[in-house]
Structures are given as structure tokens and as C-alpha cells.
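Participant: Input structure: run39.txt, which contains compact mmCIF, N, CA and C atoms.
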# COMPACT_ATOMS: atom_id res chain seq x y z
N MET A 1 0.85 -1.18 0.00
CA MET A 1 0.00 0.00 0.00
C MET A 1 0.89 1.24 0.00
N THR A 2 0.62 2.16 -0.88
CA THR A 2 1.39 3.40 -0.90
C THR A 2 0.71 4.44 -0.04
N ARG A 3 1.51 5.29 0.51
CA ARG A 3 0.97 6.35 1.37
C ARG A 3 0.72 7.61 0.54
N ASN A 4 -0.34 8.29 0.87
CA ASN A 4 -0.70 9.51 0.17
C ASN A 4 -0.18 10.70 0.97
N HIS A 5 0.99 11.21 0.56
CA HIS A 5 1.55 12.37 1.25
C HIS A 5 1.20 13.67 0.55
N VAL A 6 0.52 13.58 -0.60
CA VAL A 6 0.11 14.78 -1.32
C VAL A 6 -1.17 15.30 -0.68
N PRO A 7 -1.16 16.54 -0.22
CA PRO A 7 -2.38 17.05 0.42
C PRO A 7 -3.50 17.27 -0.59
N SER A 8 -4.72 17.06 -0.13
CA SER A 8 -5.91 17.35 -0.92
C SER A 8 -6.55 18.60 -0.33
N LEU A 9 -6.98 19.49 -1.18
CA LEU A 9 -7.56 20.74 -0.73
C LEU A 9 -9.06 20.73 -0.96
N PHE A 10 -9.82 21.12 0.08
CA PHE A 10 -11.27 21.16 0.02
C PHE A 10 -11.75 22.53 0.48
N LYS A 11 -12.85 22.96 -0.08
CA LYS A 11 -13.55 24.16 0.40
C LYS A 11 -14.73 23.67 1.21
N ILE A 12 -14.79 24.10 2.47
CA ILE A 12 -15.83 23.67 3.40
C ILE A 12 -16.81 24.83 3.60
N TYR A 13 -18.10 24.53 3.39
CA TYR A 13 -19.17 25.51 3.60
C TYR A 13 -20.06 24.98 4.73
N PRO A 14 -19.71 25.29 5.99
CA PRO A 14 -20.53 24.78 7.10
C PRO A 14 -21.92 25.41 7.09
N PRO A 15 -22.91 24.70 7.68
CA PRO A 15 -24.26 25.26 7.74
C PRO A 15 -24.28 26.60 8.48
N GLU A 16 -23.39 26.75 9.44
CA GLU A 16 -23.27 28.01 10.18
C GLU A 16 -21.80 28.42 10.14
N GLY A 17 -21.55 29.69 9.99
CA GLY A 17 -20.17 30.17 9.97
C GLY A 17 -19.67 30.42 8.56
N GLU A 18 -18.45 30.87 8.48
CA GLU A 18 -17.84 31.25 7.22
C GLU A 18 -17.21 30.05 6.51
N PRO A 19 -17.25 30.03 5.18
CA PRO A 19 -16.55 28.98 4.44
C PRO A 19 -15.05 29.09 4.66
N PHE A 20 -14.37 27.95 4.52
CA PHE A 20 -12.92 27.94 4.68
C PHE A 20 -12.33 26.81 3.83
N GLU A 21 -11.03 26.91 3.57
CA GLU A 21 -10.33 25.86 2.85
C GLU A 21 -9.61 24.97 3.85
N LEU A 22 -9.55 23.69 3.54
CA LEU A 22 -8.91 22.70 4.41
C LEU A 22 -8.01 21.81 3.57
N SER A 23 -6.76 21.71 3.98
CA SER A 23 -5.81 20.83 3.33
C SER A 23 -5.61 19.61 4.22
N VAL A 24 -5.87 18.43 3.67
CA VAL A 24 -5.72 17.18 4.42
C VAL A 24 -4.94 16.18 3.58
N ARG A 25 -4.39 15.17 4.23
CA ARG A 25 -3.65 14.14 3.51
C ARG A 25 -3.84 12.79 4.19
N GLY A 26 -3.37 11.77 3.53
CA GLY A 26 -3.39 10.42 4.10
C GLY A 26 -4.78 9.93 4.44
N ARG A 27 -4.89 9.28 5.60
CA ARG A 27 -6.16 8.70 6.02
C ARG A 27 -7.24 9.74 6.27
N ILE A 28 -6.84 10.95 6.64
CA ILE A 28 -7.83 12.00 6.87
C ILE A 28 -8.46 12.41 5.54
N ALA A 29 -7.64 12.52 4.50
CA ALA A 29 -8.17 12.81 3.15
C ALA A 29 -9.04 11.66 2.68
N TRP A 30 -8.60 10.43 2.96
CA TRP A 30 -9.37 9.24 2.60
C TRP A 30 -10.75 9.28 3.25
N MET A 31 -10.79 9.64 4.56
CA MET A 31 -12.05 9.68 5.28
C MET A 31 -12.98 10.75 4.72
N LEU A 32 -12.44 11.93 4.42
CA LEU A 32 -13.28 12.99 3.87
C LEU A 32 -13.83 12.58 2.50
N ASP A 33 -13.02 11.90 1.71
CA ASP A 33 -13.48 11.39 0.42
C ASP A 33 -14.60 10.36 0.61
N LYS A 34 -14.44 9.45 1.58
CA LYS A 34 -15.48 8.45 1.85
C LYS A 34 -16.79 9.12 2.29
N LEU A 35 -16.69 10.14 3.13
CA LEU A 35 -17.88 10.86 3.56
C LEU A 35 -18.56 11.57 2.39
N LEU A 36 -17.77 12.13 1.49
CA LEU A 36 -18.33 12.77 0.30
C LEU A 36 -19.08 11.76 -0.56
N LYS A 37 -18.47 10.60 -0.77
CA LYS A 37 -19.08 9.57 -1.61
C LYS A 37 -20.31 8.95 -0.95
N ALA A 38 -20.31 8.86 0.37
CA ALA A 38 -21.45 8.27 1.09
C ALA A 38 -22.67 9.18 1.07
N ARG A 39 -22.44 10.46 0.86
CA ARG A 39 -23.51 11.45 0.82
C ARG A 39 -24.41 11.33 2.05
N ASN A 40 -25.72 11.35 1.88
CA ASN A 40 -26.64 11.34 3.02
C ASN A 40 -26.79 9.98 3.68
N GLU A 41 -26.29 8.91 3.05
CA GLU A 41 -26.34 7.59 3.68
C GLU A 41 -25.37 7.49 4.84
N GLY A 42 -24.30 8.26 4.79
CA GLY A 42 -23.31 8.26 5.85
C GLY A 42 -22.33 7.11 5.73
N PHE A 43 -21.39 7.09 6.64
CA PHE A 43 -20.30 6.12 6.63
C PHE A 43 -20.10 5.62 8.05
N THR A 44 -19.81 4.34 8.20
CA THR A 44 -19.61 3.75 9.51
C THR A 44 -18.36 2.87 9.50
N SER A 45 -17.87 2.54 10.66
CA SER A 45 -16.68 1.68 10.74
C SER A 45 -16.96 0.29 10.16
N LYS A 46 -18.24 -0.09 10.08
CA LYS A 46 -18.57 -1.37 9.45
C LYS A 46 -18.29 -1.33 7.95
N ASP A 47 -18.23 -0.11 7.37
CA ASP A 47 -17.92 0.04 5.95
C ASP A 47 -16.43 -0.09 5.65
N ALA A 48 -15.61 0.00 6.70
CA ALA A 48 -14.15 -0.06 6.53
C ALA A 48 -13.53 -0.71 7.76
N PRO A 49 -13.70 -2.04 7.89
CA PRO A 49 -13.15 -2.73 9.07
C PRO A 49 -11.65 -2.50 9.20
N GLY A 50 -11.23 -2.22 10.41
CA GLY A 50 -9.81 -2.01 10.67
C GLY A 50 -9.39 -0.56 10.63
N ALA A 51 -10.15 0.28 9.95
CA ALA A 51 -9.82 1.71 9.90
C ALA A 51 -10.27 2.37 11.20
N ARG A 52 -9.55 3.37 11.62
CA ARG A 52 -9.88 4.10 12.85
C ARG A 52 -10.84 5.25 12.51
N VAL A 53 -12.01 4.88 12.04
CA VAL A 53 -12.99 5.83 11.52
C VAL A 53 -13.31 6.93 12.52
N SER A 54 -13.59 6.58 13.77
CA SER A 54 -13.97 7.59 14.75
C SER A 54 -12.84 8.59 14.98
N ASP A 55 -11.60 8.15 14.93
CA ASP A 55 -10.46 9.06 15.09
C ASP A 55 -10.36 10.01 13.90
N TYR A 56 -10.53 9.49 12.70
CA TYR A 56 -10.46 10.34 11.51
C TYR A 56 -11.58 11.37 11.52
N VAL A 57 -12.77 10.96 11.93
CA VAL A 57 -13.91 11.88 12.03
C VAL A 57 -13.62 12.94 13.08
N ARG A 58 -13.07 12.54 14.22
CA ARG A 58 -12.73 13.50 15.28
C ARG A 58 -11.74 14.55 14.76
N ARG A 59 -10.73 14.10 14.03
CA ARG A 59 -9.73 15.04 13.50
C ARG A 59 -10.37 16.02 12.50
N LEU A 60 -11.28 15.52 11.68
CA LEU A 60 -11.97 16.40 10.74
C LEU A 60 -12.86 17.40 11.49
N ARG A 61 -13.53 16.94 12.54
CA ARG A 61 -14.38 17.85 13.33
C ARG A 61 -13.54 18.93 14.00
N VAL A 62 -12.40 18.55 14.54
CA VAL A 62 -11.51 19.54 15.17
C VAL A 62 -11.09 20.59 14.15
N ALA A 63 -10.92 20.18 12.90
CA ALA A 63 -10.55 21.11 11.83
C ALA A 63 -11.74 21.96 11.37
N GLY A 64 -12.94 21.67 11.87
CA GLY A 64 -14.11 22.48 11.55
C GLY A 64 -15.08 21.87 10.56
N VAL A 65 -14.84 20.63 10.13
CA VAL A 65 -15.73 19.99 9.17
C VAL A 65 -17.01 19.55 9.89
N PRO A 66 -18.18 19.97 9.40
CA PRO A 66 -19.43 19.61 10.07
C PRO A 66 -19.84 18.17 9.75
N ILE A 67 -19.74 17.31 10.75
CA ILE A 67 -20.08 15.89 10.61
C ILE A 67 -21.05 15.53 11.73
N GLU A 68 -22.19 14.95 11.36
CA GLU A 68 -23.19 14.52 12.33
C GLU A 68 -23.03 13.03 12.60
N THR A 69 -23.24 12.64 13.85
CA THR A 69 -23.26 11.22 14.20
C THR A 69 -24.72 10.80 14.37
N VAL A 70 -25.14 9.82 13.58
CA VAL A 70 -26.48 9.27 13.68
C VAL A 70 -26.33 7.90 14.36
N ARG A 71 -27.04 7.70 15.46
CA ARG A 71 -26.98 6.43 16.18
C ARG A 71 -27.89 5.42 15.49
N VAL A 72 -27.33 4.24 15.21
CA VAL A 72 -28.07 3.18 14.52
C VAL A 72 -28.04 1.93 15.39
N GLU A 73 -29.21 1.35 15.64
CA GLU A 73 -29.29 0.11 16.42
C GLU A 73 -28.95 -1.07 15.54
N HIS A 74 -28.31 -2.06 16.13
CA HIS A 74 -28.01 -3.30 15.41
C HIS A 74 -28.20 -4.49 16.35
N GLY A 75 -28.52 -5.61 15.73
CA GLY A 75 -28.73 -6.85 16.50
C GLY A 75 -27.50 -7.72 16.44
N GLY A 76 -27.74 -9.01 16.38
CA GLY A 76 -26.63 -9.96 16.33
C GLY A 76 -26.22 -10.41 17.71
N PRO A 77 -25.09 -11.11 17.80
CA PRO A 77 -24.66 -11.63 19.09
C PRO A 77 -24.26 -10.54 20.08
N PHE A 78 -23.96 -9.36 19.60
CA PHE A 78 -23.60 -8.23 20.46
C PHE A 78 -24.44 -7.01 20.08
N PRO A 79 -25.76 -7.06 20.40
CA PRO A 79 -26.65 -5.96 20.00
C PRO A 79 -26.28 -4.66 20.70
N GLY A 80 -26.62 -3.58 20.05
CA GLY A 80 -26.35 -2.27 20.63
C GLY A 80 -26.54 -1.20 19.57
N THR A 81 -25.73 -0.18 19.63
CA THR A 81 -25.79 0.89 18.64
C THR A 81 -24.38 1.17 18.11
N HIS A 82 -24.34 1.74 16.93
CA HIS A 82 -23.08 2.23 16.38
C HIS A 82 -23.34 3.57 15.70
N GLY A 83 -22.28 4.32 15.48
CA GLY A 83 -22.42 5.63 14.87
C GLY A 83 -22.29 5.57 13.35
N ARG A 84 -23.15 6.29 12.68
CA ARG A 84 -23.05 6.48 11.23
C ARG A 84 -22.76 7.97 11.05
N TYR A 85 -21.65 8.28 10.38
CA TYR A 85 -21.20 9.66 10.23
C TYR A 85 -21.69 10.24 8.91
N VAL A 86 -22.33 11.41 9.01
CA VAL A 86 -22.92 12.05 7.84
C VAL A 86 -22.34 13.47 7.72
N LEU A 87 -21.82 13.76 6.56
CA LEU A 87 -21.27 15.08 6.27
C LEU A 87 -22.41 16.08 6.13
N LYS A 88 -22.29 17.22 6.80
CA LYS A 88 -23.32 18.27 6.73
C LYS A 88 -22.72 19.49 6.03
N GLY A 89 -23.58 20.35 5.56
CA GLY A 89 -23.09 21.51 4.83
C GLY A 89 -22.65 21.11 3.44
N LYS A 90 -21.78 21.89 2.87
CA LYS A 90 -21.29 21.63 1.52
C LYS A 90 -19.78 21.49 1.58
N VAL A 91 -19.24 20.47 0.91
CA VAL A 91 -17.81 20.27 0.83
C VAL A 91 -17.46 20.09 -0.64
N VAL A 92 -16.50 20.87 -1.12
CA VAL A 92 -16.12 20.84 -2.52
C VAL A 92 -14.62 20.63 -2.64
N PRO A 93 -14.19 19.55 -3.31
CA PRO A 93 -12.76 19.45 -3.61
C PRO A 93 -12.37 20.65 -4.47
N VAL A 94 -11.29 21.35 -4.13
CA VAL A 94 -10.95 22.58 -4.82
C VAL A 94 -10.70 22.34 -6.30
N ASP A 95 -10.03 21.27 -6.68
CA ASP A 95 -9.80 20.98 -8.09
C ASP A 95 -11.13 20.82 -8.82
N HIS A 96 -12.07 20.09 -8.22
CA HIS A 96 -13.38 19.86 -8.81
C HIS A 96 -14.12 21.19 -8.97
N ALA A 97 -14.08 22.01 -7.93
CA ALA A 97 -14.79 23.29 -7.97
C ALA A 97 -14.20 24.18 -9.06
N ALA A 98 -12.89 24.18 -9.20
CA ALA A 98 -12.25 25.02 -10.21
C ALA A 98 -12.61 24.58 -11.62
N LYS A 99 -12.76 23.25 -11.82
CA LYS A 99 -13.05 22.72 -13.15
C LYS A 99 -14.52 22.86 -13.54
N THR A 100 -15.42 22.63 -12.57
CA THR A 100 -16.85 22.56 -12.92
C THR A 100 -17.69 23.64 -12.27
N GLY A 101 -17.18 24.23 -11.18
CA GLY A 101 -17.99 25.21 -10.46
C GLY A 101 -19.12 24.58 -9.68
N GLU A 102 -19.09 23.23 -9.52
CA GLU A 102 -20.17 22.54 -8.82
C GLU A 102 -19.68 21.96 -7.51
N ALA A 103 -20.61 21.76 -6.60
CA ALA A 103 -20.31 21.10 -5.34
C ALA A 103 -20.47 19.60 -5.49
N CYS A 104 -19.67 18.86 -4.74
CA CYS A 104 -19.80 17.41 -4.75
C CYS A 104 -20.80 16.93 -3.73
N HIS A 105 -21.01 17.68 -2.66
CA HIS A 105 -21.95 17.25 -1.63
C HIS A 105 -22.60 18.49 -1.03
N GLU A 106 -23.88 18.39 -0.84
CA GLU A 106 -24.59 19.50 -0.23
C GLU A 106 -25.60 18.98 0.74
Just give me the structure of the file as C-alpha cells.
Facilitator:
Amino acid sequence: MTRNHVPSLFKIYPPEGEPFELSVRGRIAWMLDKLLKARNEGFTSKDAPGARVSDYVRRLRVAGVPIETVRVEHGGPFPGTHGRYVLKGKVVPVDHAAKTGEACHE
């Protein structure tokens, strides 16, 4: 597996507050991309076993990215709840925005 040391730049438009640009790399960039692709369905650690999803989400939240945690009940031998993370507001990869002028997630 190769490591992604090239930063990815995103424009973040939170539901409240001023828009800002965010440069991320590696697993944090991977997580933001997964959240973008998941759209309103959200993303959970069950979608990526072994990844430290909650840590990546925490780091994105600290950086100001609006992410909601939706609690989902599950059954099985160990019933309980797990978090499904949903990106809120609008997030646009800067390259995409420059090329098309469109948002990837709203």
C-alpha cells in the first residue's frame, strides 16, 4: 500500500459560519473522500473494518468539518448501537470546484 503524502484541498461551507479551505492528507483525506461519496447515507466503521474511523472523524471535526453522528441500532450476538457519520453543509474538492464550479456534496 502506498501512502498519500500529497495534500488534498477542500472548500468547506458549514451550515453556520464562514466557508474555509482545508488541506488534508493520508487517512484524513481518505475519510473525507469516503464521507463525500457516502452522501446522506453516511459512513460507519462497518464500511471499513480495521480503519480508525472515529479518530479520523474527530480530526476532521476539530478542523471544523461539520459531521453529524447518527446512532443506529443493530442486532446480532452483540446488540447495541453504532455511529453512522454524515457530512453536513457543503464540501467541494478545490480541483473539482475550479473545473466545474459545482459542489460534490450539499
Participant: What would the list of residues within 8 Å of (-6.2, 25.8, 1.7) (file frame) look like as an MDAnalysis selection string, if only N, CA and C atoms are what count?
Facilitator: chainID A and resid 8:11 20:24
Participant: Would you mind reading off the distance between atom C of Pro15 in chain A and CA of Asp95 in chain A, one decimal, in Å?
Facilitator: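 Separation between atom C of Pro15 in chain A and CA of Asp95 in chain A: 22.7 Å.
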Participant: Provide the atom C of Ala29 in chain A to atom C of Val70 in chain A distance in Å, to one decimal place.
Facilitator: 21.2 Å
Participant: Please report the interatomic distance between CA of Gly83 in chain A and CA of Thr69 in chain A in Å with one decimal.
Facilitator: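 Between these atoms lies a distance of 5.7 Å.
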Participant: Would you give me, as a count of residues only, the residues in chain A that DSSP reads as strand (DSSP E)?
Facilitator: 31
Participant: So, with all atoms listed in the file as the atoms that count, which of A:Pro7, A:Gly26, A:Gly89, A:Gly80 lies closest to Val65 in chain A?
Facilitator: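 Comparing A:Pro7, A:Gly26, A:Gly89, A:Gly80 against Val65 in chain A, the winner is A:Gly89.
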Participant: Which residue is closest to Ala48 in chain A? Choose from A:Val91, A:Leu60, A:Ile67, A:Leu35 and count only C-alpha atoms.
Facilitator: A:Leu35
Participant: For each of A:Glu68, A:Asp55, A:Glu18, A:Asp33, take the minimum atom-to-atom distance to Leu87 in chain A, counting only N, CA and C atoms, then give the residue where this is smallest.
Facilitator: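 Smallest separation from Leu87 in chain A among the options: A:Glu68.
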Participant: In chain A, what's alpha helix (DSSP H) per DSSP? Answer as a PyMOL selection string?
Facilitator: chain A and resi 26-38+53-62+94-100
Participant: Would you please work out which residue, of A:Gly50, A:Gly42, A:Gly64, A:Arg58, is nearest to Arg84 in chain A when using only C-alpha atoms?
Facilitator: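 Closest candidate: A:Gly42.
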